[in-house]
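Structure file run-v3.txt with compact mmCIF, C-alpha atoms and all ligand atoms:
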```
# COMPACT_ATOMS: atom_id res chain seq x y z
CA LEU A 208 30.67 25.10 -30.12
CA SER A 209 29.18 27.65 -27.70
CA SER A 210 28.15 27.59 -24.09
CA ALA A 211 26.18 29.77 -21.67
CA PRO A 212 26.06 30.56 -17.93
CA PRO A 213 24.80 27.60 -15.83
CA LEU A 214 21.23 28.84 -15.33
CA GLU A 215 20.74 29.61 -19.00
CA LEU A 216 22.35 26.33 -19.93
CA GLY A 217 19.94 24.51 -17.61
CA GLU A 218 16.94 26.27 -19.10
CA ARG A 219 18.11 25.45 -22.62
CA TYR A 220 18.66 21.82 -21.66
CA PHE A 221 15.11 21.42 -20.34
CA GLN A 222 13.70 23.13 -23.42
CA LEU A 223 15.44 20.47 -25.48
CA TYR A 224 14.48 17.59 -23.13
CA PRO A 225 11.16 18.57 -21.53
CA GLU A 226 10.47 14.94 -20.58
CA GLU A 227 13.36 15.18 -18.11
CA LEU A 228 11.78 18.03 -16.15
CA ASP A 229 10.22 15.52 -13.81
CA PRO A 230 13.04 13.81 -11.88
CA VAL A 231 13.29 10.05 -11.46
CA TRP A 232 15.58 9.16 -8.57
CA GLY A 233 17.87 6.17 -8.96
CA ASN A 234 20.23 4.67 -6.41
CA PRO A 235 23.61 6.50 -6.63
CA CYS A 236 25.41 3.31 -5.58
CA ASP A 237 24.14 1.46 -8.66
CA ASP A 238 26.33 3.58 -10.94
CA PRO A 239 30.10 3.97 -10.26
CA ARG A 240 30.09 7.49 -11.76
CA HIS A 241 27.32 8.58 -9.42
CA GLN A 242 28.90 6.83 -6.46
CA LYS A 243 32.11 8.78 -7.05
CA ILE A 244 30.38 12.10 -6.50
CA TRP A 245 28.12 10.80 -3.70
CA SER A 246 29.21 12.22 -0.34
CA ARG A 247 31.34 9.98 1.86
CA ASN A 248 28.98 10.65 4.75
CA LYS A 249 26.11 9.11 2.90
CA THR A 250 25.16 5.47 2.63
CA CYS A 251 23.08 3.51 0.19
CA ASP A 252 21.79 1.09 2.81
CA GLN A 253 19.12 3.34 4.19
CA LEU A 254 16.54 2.06 1.77
CA PRO A 255 13.73 -0.43 2.22
CA ARG A 256 14.05 -4.04 1.10
CA PHE A 257 10.33 -4.42 0.69
CA LEU A 258 7.30 -2.20 0.25
CA VAL A 259 3.78 -2.74 1.50
CA ILE A 260 1.94 -0.93 -1.28
CA GLY A 261 -1.68 -1.06 -0.09
CA PRO A 262 -4.37 -0.39 -1.21
CA GLN A 263 -6.02 1.66 1.53
CA LYS A 264 -8.54 -0.04 3.83
CA THR A 265 -7.39 -3.58 3.26
CA GLY A 266 -5.65 -4.10 6.60
CA THR A 267 -2.38 -2.32 5.85
CA THR A 268 -2.05 -0.85 9.37
CA ALA A 269 -2.57 -4.27 10.93
CA LEU A 270 0.12 -5.73 8.67
CA TYR A 271 2.48 -2.81 9.38
CA THR A 272 1.94 -3.15 13.15
CA PHE A 273 2.41 -6.92 13.17
CA LEU A 274 5.55 -6.72 11.03
CA SER A 275 7.00 -4.15 13.41
CA ILE A 276 6.89 -6.74 16.24
CA HIS A 277 9.31 -8.96 14.29
CA PRO A 278 12.83 -8.85 15.72
CA ALA A 279 14.50 -8.85 12.27
CA ILE A 280 12.19 -6.33 10.59
CA SER A 281 12.30 -2.53 10.93
CA SER A 282 9.90 -0.03 9.49
CA ASN A 283 10.55 3.59 8.65
CA LEU A 284 10.55 6.25 11.35
CA PRO A 285 7.21 8.05 11.60
CA SER A 286 6.53 11.13 9.49
CA PRO A 287 5.29 14.26 11.31
CA ASP A 288 2.65 14.80 8.60
CA THR A 289 1.53 11.37 7.52
CA PHE A 290 2.42 9.28 10.63
CA GLU A 291 3.50 5.73 9.78
CA GLU A 292 3.36 6.38 6.02
CA ILE A 293 6.11 8.28 4.20
CA GLN A 294 4.16 8.54 0.92
CA PHE A 295 7.32 9.28 -1.02
CA PHE A 296 6.75 7.80 -4.45
CA ASN A 297 3.39 9.51 -4.95
CA GLY A 298 2.61 13.18 -4.58
CA LYS A 299 4.80 16.11 -3.67
CA ASN A 300 7.18 14.34 -1.27
CA TYR A 301 8.99 12.80 -4.23
CA TYR A 302 10.43 16.22 -5.08
CA LYS A 303 12.02 16.42 -1.62
CA GLY A 304 14.59 13.96 -2.96
CA LEU A 305 16.55 10.94 -1.90
CA ASP A 306 18.15 12.34 1.26
CA TRP A 307 14.71 13.18 2.59
CA TYR A 308 13.49 9.64 1.89
CA MET A 309 16.55 7.95 3.37
CA SER A 310 16.33 10.01 6.55
CA PHE A 311 13.29 7.90 7.47
CA PHE A 312 15.31 4.72 7.66
CA PRO A 313 17.47 4.00 10.68
CA ALA A 314 21.20 4.05 9.89
CA GLY A 315 23.82 1.86 11.55
CA LYS A 316 25.93 -1.19 11.02
CA ASN A 317 23.38 -3.78 11.98
CA GLU A 318 20.57 -2.06 10.17
CA SER A 319 21.86 -3.28 6.81
CA LEU A 320 21.24 -6.84 7.99
CA ARG A 321 17.70 -6.05 8.98
CA PHE A 322 14.68 -6.19 6.72
CA LEU A 323 13.78 -2.54 6.31
CA PHE A 324 10.35 -1.86 4.91
CA GLU A 325 7.99 0.93 4.21
CA LYS A 326 4.18 0.90 4.04
CA SER A 327 2.29 3.55 2.15
CA ALA A 328 -1.17 2.39 1.18
CA THR A 329 -1.60 5.05 -1.51
CA TYR A 330 1.22 3.55 -3.60
CA PHE A 331 -0.99 0.79 -4.98
CA ASP A 332 -3.02 2.89 -7.42
CA GLY A 333 -0.61 5.79 -8.02
CA ASP A 334 0.08 6.09 -11.75
CA LEU A 335 3.73 7.09 -11.41
CA VAL A 336 4.59 4.98 -8.38
CA PRO A 337 5.72 1.68 -9.98
CA ARG A 338 8.11 3.48 -12.35
CA ARG A 339 9.58 5.63 -9.59
CA ALA A 340 9.79 2.80 -7.07
CA HIS A 341 11.50 0.57 -9.62
CA ALA A 342 14.05 3.27 -10.57
CA LEU A 343 15.19 3.42 -6.93
CA LEU A 344 14.40 -0.05 -5.62
CA PRO A 345 14.55 -2.48 -8.55
CA LYS A 346 15.23 -5.46 -6.27
CA ALA A 347 12.55 -4.69 -3.69
CA GLU A 348 9.76 -7.10 -2.90
CA LEU A 349 6.20 -5.81 -3.12
CA ILE A 350 3.46 -6.80 -0.73
CA THR A 351 -0.16 -6.06 -1.52
CA ILE A 352 -3.35 -6.97 0.35
CA LEU A 353 -6.56 -7.56 -1.57
CA LEU A 354 -10.10 -7.93 -0.32
CA SER A 355 -13.51 -7.46 -1.87
CA PRO A 356 -13.26 -4.15 -3.76
CA ALA A 357 -16.91 -3.49 -2.90
CA ARG A 358 -16.20 -3.86 0.83
CA ARG A 359 -13.02 -1.82 0.48
CA ALA A 360 -14.99 1.00 -1.16
CA TYR A 361 -17.54 0.91 1.66
CA SER A 362 -14.80 0.90 4.33
CA TRP A 363 -13.26 4.01 2.71
CA TYR A 364 -16.66 5.74 2.71
CA GLN A 365 -17.09 4.94 6.43
CA HIS A 366 -13.55 6.11 7.13
CA THR A 367 -14.16 9.51 5.51
CA ARG A 368 -17.48 9.89 7.40
CA VAL A 369 -15.76 9.37 10.73
CA HIS A 370 -13.12 11.89 9.72
CA GLY A 371 -15.90 14.47 9.38
CA ASP A 372 -15.87 14.72 5.59
CA PRO A 373 -19.00 16.78 4.80
CA VAL A 374 -19.59 15.01 1.47
CA ALA A 375 -19.54 11.55 3.04
CA ASN A 376 -21.82 12.82 5.79
CA ASN A 377 -24.32 14.43 3.41
CA TYR A 378 -24.59 11.67 0.83
CA THR A 379 -25.48 8.02 1.24
CA PHE A 380 -22.97 5.42 0.07
CA HIS A 381 -25.25 4.58 -2.84
CA SER A 382 -25.41 8.21 -4.02
CA VAL A 383 -21.62 8.51 -3.75
CA ILE A 384 -20.88 5.45 -5.88
CA THR A 385 -23.52 6.39 -8.46
CA ALA A 386 -22.48 10.07 -8.70
CA SER A 387 -22.27 11.18 -12.33
CA ASP A 388 -19.40 12.94 -14.04
CA THR A 389 -21.36 16.19 -13.86
CA ALA A 390 -21.68 15.98 -10.06
CA PRO A 391 -19.79 18.55 -7.91
CA LYS A 392 -16.04 17.89 -7.77
CA PRO A 393 -15.86 16.92 -4.06
CA LEU A 394 -18.50 14.26 -4.67
CA ARG A 395 -16.69 12.95 -7.76
CA ASP A 396 -13.42 12.90 -5.82
CA LEU A 397 -14.96 10.81 -3.05
CA ARG A 398 -16.57 8.49 -5.63
CA ASN A 399 -13.19 8.02 -7.31
CA ARG A 400 -11.37 7.33 -4.00
CA CYS A 401 -14.04 4.74 -3.21
CA LEU A 402 -14.01 3.04 -6.60
CA ASN A 403 -10.64 3.41 -8.33
CA PRO A 404 -8.24 1.56 -6.03
CA GLY A 405 -10.51 -1.53 -6.29
CA LYS A 406 -9.68 -2.03 -9.98
CA TYR A 407 -7.04 -4.42 -8.77
CA ALA A 408 -5.97 -6.14 -11.99
CA GLN A 409 -5.37 -2.84 -13.76
CA HIS A 410 -3.13 -1.52 -10.97
CA LEU A 411 -1.28 -4.81 -10.54
CA GLU A 412 -0.54 -4.96 -14.27
CA ARG A 413 1.14 -1.55 -13.99
CA TRP A 414 3.34 -2.82 -11.14
CA LEU A 415 4.09 -5.95 -13.17
CA SER A 416 5.28 -3.90 -16.11
CA TYR A 417 8.24 -2.91 -13.89
CA TYR A 418 8.63 -5.74 -11.38
CA THR A 419 8.72 -9.49 -11.97
CA PRO A 420 5.90 -11.74 -10.68
CA GLN A 421 8.47 -13.30 -8.32
CA GLN A 422 8.81 -9.97 -6.54
CA LEU A 423 5.11 -9.68 -5.83
CA HIS A 424 3.35 -11.26 -2.86
CA ILE A 425 -0.43 -11.00 -2.64
CA ILE A 426 -2.10 -11.35 0.75
CA ASP A 427 -5.77 -12.23 1.02
CA GLY A 428 -7.16 -9.51 3.32
CA GLU A 429 -9.74 -11.90 4.77
CA GLN A 430 -7.00 -14.34 5.67
CA LEU A 431 -4.98 -11.54 7.29
CA ARG A 432 -7.99 -10.62 9.41
CA GLN A 433 -8.95 -14.16 10.37
CA ASN A 434 -5.58 -15.86 10.57
CA PRO A 435 -2.74 -13.34 10.81
CA VAL A 436 -0.33 -15.90 12.29
CA GLU A 437 -0.44 -18.08 9.19
CA THR A 438 -0.46 -15.03 6.87
CA LEU A 439 2.70 -13.70 8.49
CA HIS A 440 4.31 -17.13 8.34
CA GLU A 441 3.72 -17.28 4.59
CA LEU A 442 5.02 -13.74 4.19
CA GLN A 443 8.24 -14.60 6.01
CA ARG A 444 8.69 -17.59 3.72
CA PHE A 445 8.24 -15.32 0.70
CA LEU A 446 10.76 -12.80 2.09
CA LYS A 447 13.15 -15.66 3.00
CA ILE A 448 13.43 -14.49 6.59
CA THR A 449 15.07 -17.20 8.67
CA PRO A 450 14.61 -18.26 11.36
CA ALA A 451 10.91 -17.58 11.01
CA PHE A 452 9.42 -15.66 13.91
CA ASN A 453 6.51 -17.50 15.50
CA TYR A 454 3.68 -15.03 15.86
CA SER A 455 1.33 -17.44 17.62
CA SER A 456 2.35 -16.25 21.09
CA HIS A 457 2.35 -12.58 20.03
CA LEU A 458 -1.09 -12.22 18.47
CA ARG A 459 -4.39 -13.10 20.07
CA TYR A 460 -8.01 -12.71 19.02
CA ASP A 461 -9.67 -10.05 21.13
CA PRO A 462 -13.43 -10.78 21.33
CA LYS A 463 -14.22 -7.20 22.39
CA LYS A 464 -12.42 -5.70 19.36
CA GLY A 465 -13.41 -8.55 17.05
CA PHE A 466 -9.89 -8.64 15.59
CA PHE A 467 -6.46 -10.04 16.36
CA CYS A 468 -4.37 -7.79 18.58
CA GLN A 469 -0.83 -7.76 19.94
CA VAL A 470 -0.34 -9.72 23.18
CA THR A 471 1.14 -7.50 25.91
CA ASN A 472 0.85 -10.00 28.77
CA GLU A 473 -1.20 -13.05 29.71
CA ASP A 474 -4.38 -11.05 30.25
CA HIS A 475 -3.91 -8.03 28.03
CA THR A 476 -3.70 -7.19 24.37
CA LYS A 477 -2.97 -3.98 22.51
CA CYS A 478 -5.34 -3.51 19.60
CA LEU A 479 -5.18 -1.07 16.71
CA GLY A 480 -6.77 2.34 17.37
CA LYS A 481 -10.51 2.85 17.16
CA SER A 482 -10.28 4.07 13.56
CA LYS A 483 -9.29 0.55 12.48
CA GLY A 484 -11.90 -2.17 12.66
CA ARG A 485 -14.81 0.13 13.40
CA GLN A 486 -18.42 -0.88 13.91
CA TYR A 487 -20.77 0.42 11.22
CA PRO A 488 -24.02 -0.82 9.62
CA PRO A 489 -23.59 -3.39 6.84
CA MET A 490 -23.61 -2.17 3.24
CA ASP A 491 -27.09 -1.99 1.70
CA ASP A 492 -27.87 -4.76 -0.74
CA LYS A 493 -28.56 -2.43 -3.66
CA SER A 494 -25.06 -0.91 -3.41
CA TYR A 495 -23.42 -4.30 -3.08
CA LYS A 496 -25.21 -5.62 -6.19
CA LEU A 497 -24.28 -2.48 -8.10
CA LEU A 498 -20.63 -2.83 -7.10
CA GLN A 499 -20.61 -6.51 -8.03
CA ARG A 500 -21.64 -5.45 -11.53
CA TYR A 501 -19.27 -2.48 -11.56
CA TYR A 502 -16.28 -4.65 -10.66
CA LEU A 503 -17.29 -7.65 -12.79
CA SER A 504 -14.77 -7.07 -15.59
CA HIS A 505 -12.05 -6.02 -13.12
CA ASN A 506 -12.63 -9.06 -10.91
CA THR A 507 -12.71 -11.37 -13.93
CA ALA A 508 -9.38 -9.90 -15.04
CA LEU A 509 -8.05 -10.45 -11.51
CA VAL A 510 -8.95 -14.15 -11.59
CA LYS A 511 -7.04 -14.46 -14.89
CA LEU A 512 -4.10 -12.56 -13.47
CA LEU A 513 -3.98 -14.70 -10.31
CA LYS A 514 -4.01 -17.85 -12.43
CA ARG A 515 -1.24 -16.46 -14.62
CA LEU A 516 0.77 -15.75 -11.47
CA GLY A 517 0.38 -19.37 -10.45
CA SER A 518 -2.19 -18.99 -7.66
CA ARG A 519 -3.72 -22.32 -6.85
CA THR A 520 -6.60 -20.85 -4.86
CA ILE A 521 -8.93 -17.98 -5.68
CA PRO A 522 -9.94 -15.98 -2.57
CA GLN A 523 -13.46 -16.70 -1.33
CA TRP A 524 -14.41 -13.00 -1.47
CA LEU A 525 -13.52 -12.94 -5.16
CA LYS A 526 -15.71 -15.97 -5.87
CA ASP A 527 -18.54 -14.36 -3.86
CA ASP A 528 -18.20 -11.03 -5.68
CA LEU A 529 -18.40 -12.89 -9.00
CA THR A 530 -21.55 -14.84 -8.13
CA ASP A 531 -25.07 -13.65 -8.83
CA THR A 532 -24.00 -10.48 -10.54
CA VAL A 533 -27.15 -10.39 -12.74
P1 LIG A 601 -12.69 -1.33 8.81
O1 LIG A 601 -12.34 -0.28 9.84
O2 LIG A 601 -13.55 -0.82 7.72
O3 LIG A 601 -13.23 -2.59 9.44
P2 LIG A 601 -6.14 0.01 6.63
O4 LIG A 601 -5.28 -0.13 7.82
O5 LIG A 601 -5.49 -0.43 5.36
O6 LIG A 601 -6.78 1.37 6.57
O7 LIG A 601 -7.34 -1.03 6.80
C1 LIG A 601 -8.31 -0.90 7.82
C2 LIG A 601 -9.04 -2.22 7.89
O8 LIG A 601 -8.17 -3.23 8.39
C3 LIG A 601 -10.22 -2.23 8.82
O9 LIG A 601 -11.33 -1.78 8.10
C4 LIG A 601 -10.29 -3.70 9.28
O10 LIG A 601 -11.38 -4.40 8.73
C5 LIG A 601 -8.99 -4.32 8.76
N1 LIG A 601 -8.24 -5.14 9.71
C6 LIG A 601 -7.64 -6.32 9.41
N2 LIG A 601 -7.03 -6.82 10.49
C7 LIG A 601 -7.25 -5.96 11.51
C8 LIG A 601 -6.87 -5.95 12.89
N3 LIG A 601 -6.15 -6.94 13.41
N4 LIG A 601 -7.29 -4.91 13.65
C9 LIG A 601 -8.03 -3.90 13.11
N5 LIG A 601 -8.41 -3.85 11.80
C10 LIG A 601 -8.02 -4.87 11.02
```

Write out the structure in this file as structure tokens.
Amino acid sequence: LSSAPPLELGERYFQLYPEELDPVWGNPCDDPRHQKIWSRNKTCDQLPRFLVIGPQKTGTTALYTFLSIHPAISSNLPSPDTFEEIQFFNGKNYYKGLDWYMSFFPAGKNESLRFLFEKSATYFDGDLVPRRAHALLPKAELITILLSPARRAYSWYQHTRVHGDPVANNYTFHSVITASDTAPKPLRDLRNRCLNPGKYAQHLERWLSYYTPQQLHIIDGEQLRQNPVETLHELQRFLKITPAFNYSSHLRYDPKKGFFCQVTNEDHTKCLGKSKGRQYPPMDDKSYKLLQRYYLSHNTALVKLLKRLGSRTIPQWLKDDLTDTV
């Protein structure tokens, strides 16, 4: 039996087990051996009970904002770089570790009784996210919002245009979604960000290979837009939050914005910023037809998945996207 200095030993270890180079954080309190060496000053409560996983452009900011009004629900503290989203389980932040993640959640005695949550809309389609999220939060509930993937793609295109993206400003939506694999990389990247998250069934199946169907709650994005009070009521029932908070006196339709907004007093509402619920021309018919065909197999798989999950109703947008696709 021989040994080596720590650094050399570490290098040797990772040569033998290269698959362990990429860390997967678990909860130290789930294992007595880990808990023993976990600092006394640390807690295991500073973790979310549920995750709003996206995808982007489906109404995730509206949901996040409305949930934050709830007296028994707390979100994470804002991030200096990515604002309301921590974006821990995808990308480079994951390597900042558990302490970094937990520092976003308020500590304190009463906080453990509260429903802590985190919303990062990029989680939905991140390849590694379900595995990482499950390693740390195996009991968490997952909330996703779905709306027509064609409309979602168009909303993302409009979003990047307003943010001054030169590709989105130089190419029409139709040329973005039809860009070939030999097109310049920035154009392919925009095409992929428009199209990939909308392959809903594929992404949901990945989440469901780690989490049980009982842990997943799907919100119809159209319902969230048109009837947030009822949507939030159903969500509270799913999360078993009692007594249920009645949103009807806290949210009101604002005709000027064209969306529901938070009631501040009898005459005033506070709506989401101008980047959410923007006015832009409707999608051209050619692009919509193309996307209906593009998403046909994905949407068909989604109908099957929803039925398997016990959904009694299929969202209207899904029926519409599946009609007249020839
Ligand atoms: P558009 O700006 O394309 O209309 P996200 O927050 O996930 O980026 O989603 C943005 C979308 O949320 C908006 O897309 C808008 O349609 C939708 N939305 C739903 N409810 C809303 C609300 N109450 N206020 C503003 N936008 C809302």

Task: At most 9 Å from ligand LIG 601 (chain A) (only C-alpha atoms and all ligand atoms): residue list as a PyMOL selection string - done: chain A and resi 261-273+328+352+358-359+361-366+428-433+435+458+460+464-469+478-487

Notebook entry, point to check: Hey, can you check how far CA of Asp229 (chain A) sits from CA of Tyr302 (chain A)?
Noted result: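 Result for CA of Asp229 (chain A) versus CA of Tyr302 (chain A): 8.8 Å, one decimal.
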
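For the set A:Glu291, A:Asp252, A:Asp237, A:Glu348, the residue with the smallest atom-to-atom gap to Tyr417 (chain A) is A:Glu348, counting all atoms listed in the file.
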
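Comparing A:Trp414, A:Phe324, A:Phe290, A:Tyr308 by their smallest distance to Arg338 (chain A), the closest is A:Trp414 (using all atoms listed in the file).
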
For region 525-527 of chain A, list every protein, DNA or RNA residue within 10 Å, evaluated using only C-alpha atoms, and leave out those in the same chain fewer than 2 positions away; present the list as a PDB file with C-alpha atoms, keeping the file's coordinate frame.
```pdb
ATOM      1  CA  LEU A 353      -6.560  -7.560  -1.570  1.00  0.00           C
ATOM      2  CA  LEU A 354     -10.100  -7.930  -0.320  1.00  0.00           C
ATOM      3  CA  SER A 355     -13.510  -7.460  -1.870  1.00  0.00           C
ATOM      4  CA  PRO A 356     -13.260  -4.150  -3.760  1.00  0.00           C
ATOM      5  CA  ASP A 427      -5.770 -12.230   1.020  1.00  0.00           C
ATOM      6  CA  GLN A 499     -20.610  -6.510  -8.030  1.00  0.00           C
ATOM      7  CA  ASN A 506     -12.630  -9.060 -10.910  1.00  0.00           C
ATOM      8  CA  THR A 507     -12.710 -11.370 -13.930  1.00  0.00           C
ATOM      9  CA  LEU A 509      -8.050 -10.450 -11.510  1.00  0.00           C
ATOM     10  CA  VAL A 510      -8.950 -14.150 -11.590  1.00  0.00           C
ATOM     11  CA  ILE A 521      -8.930 -17.980  -5.680  1.00  0.00           C
ATOM     12  CA  PRO A 522      -9.940 -15.980  -2.570  1.00  0.00           C
ATOM     13  CA  GLN A 523     -13.460 -16.700  -1.330  1.00  0.00           C
ATOM     14  CA  LEU A 529     -18.400 -12.890  -9.000  1.00  0.00           C
ATOM     15  CA  THR A 530     -21.550 -14.840  -8.130  1.00  0.00           C
ATOM     16  CA  ASP A 531     -25.070 -13.650  -8.830  1.00  0.00           C
ATOM     17  CA  THR A 532     -24.000 -10.480 -10.540  1.00  0.00           C
TER      18      THR A 532
END
```

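Residues in contact with Arg398 (chain A) at 10 Å, where only C-alpha atoms are counted and same-chain residues fewer than 5 positions away are skipped, are listed as Ala360, Tyr364, Ala375, Phe380, His381, Ser382, Val383, Ile384, Thr385, Ala386, Ser387, Asp388, Lys392, Pro393 and Asn403 of chain A.
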
One residue among A:Gly304, A:Pro213, A:Gly517, A:Pro287 is nearest to His424 (chain A) when using all atoms listed in the file, and that residue is A:Gly517

CA of Leu394 (chain A) to CA of Phe295 (chain A) measures 26.5 Å

### Task
Could you give me, as an NGL selection string, the residues within 9 Å of Phe296 (chain A), counting all atoms listed in the file and dropping anything in the same chain fewer than 5 positions from it?
:A and (301 or 330 or 333 or 335-337 or 339-340)

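Here CA of Asp396 (chain A) and CA of Leu258 (chain A) stand 26.3 Å from one another.
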
Pick out the residues sitting within 12 Å of Pro285 (chain A), and hand them over as a list in words; count only C-alpha atoms, and ignore anything fewer than 3 positions along from it in its own chain.
-> Ser281, Ser282, Asp288, Thr289, Phe290, Glu291, Glu292, Ile293, Gln294, Tyr308, Ser310, Phe311, Phe312, Pro313, Glu325, Lys326 and Ser327 of chain A
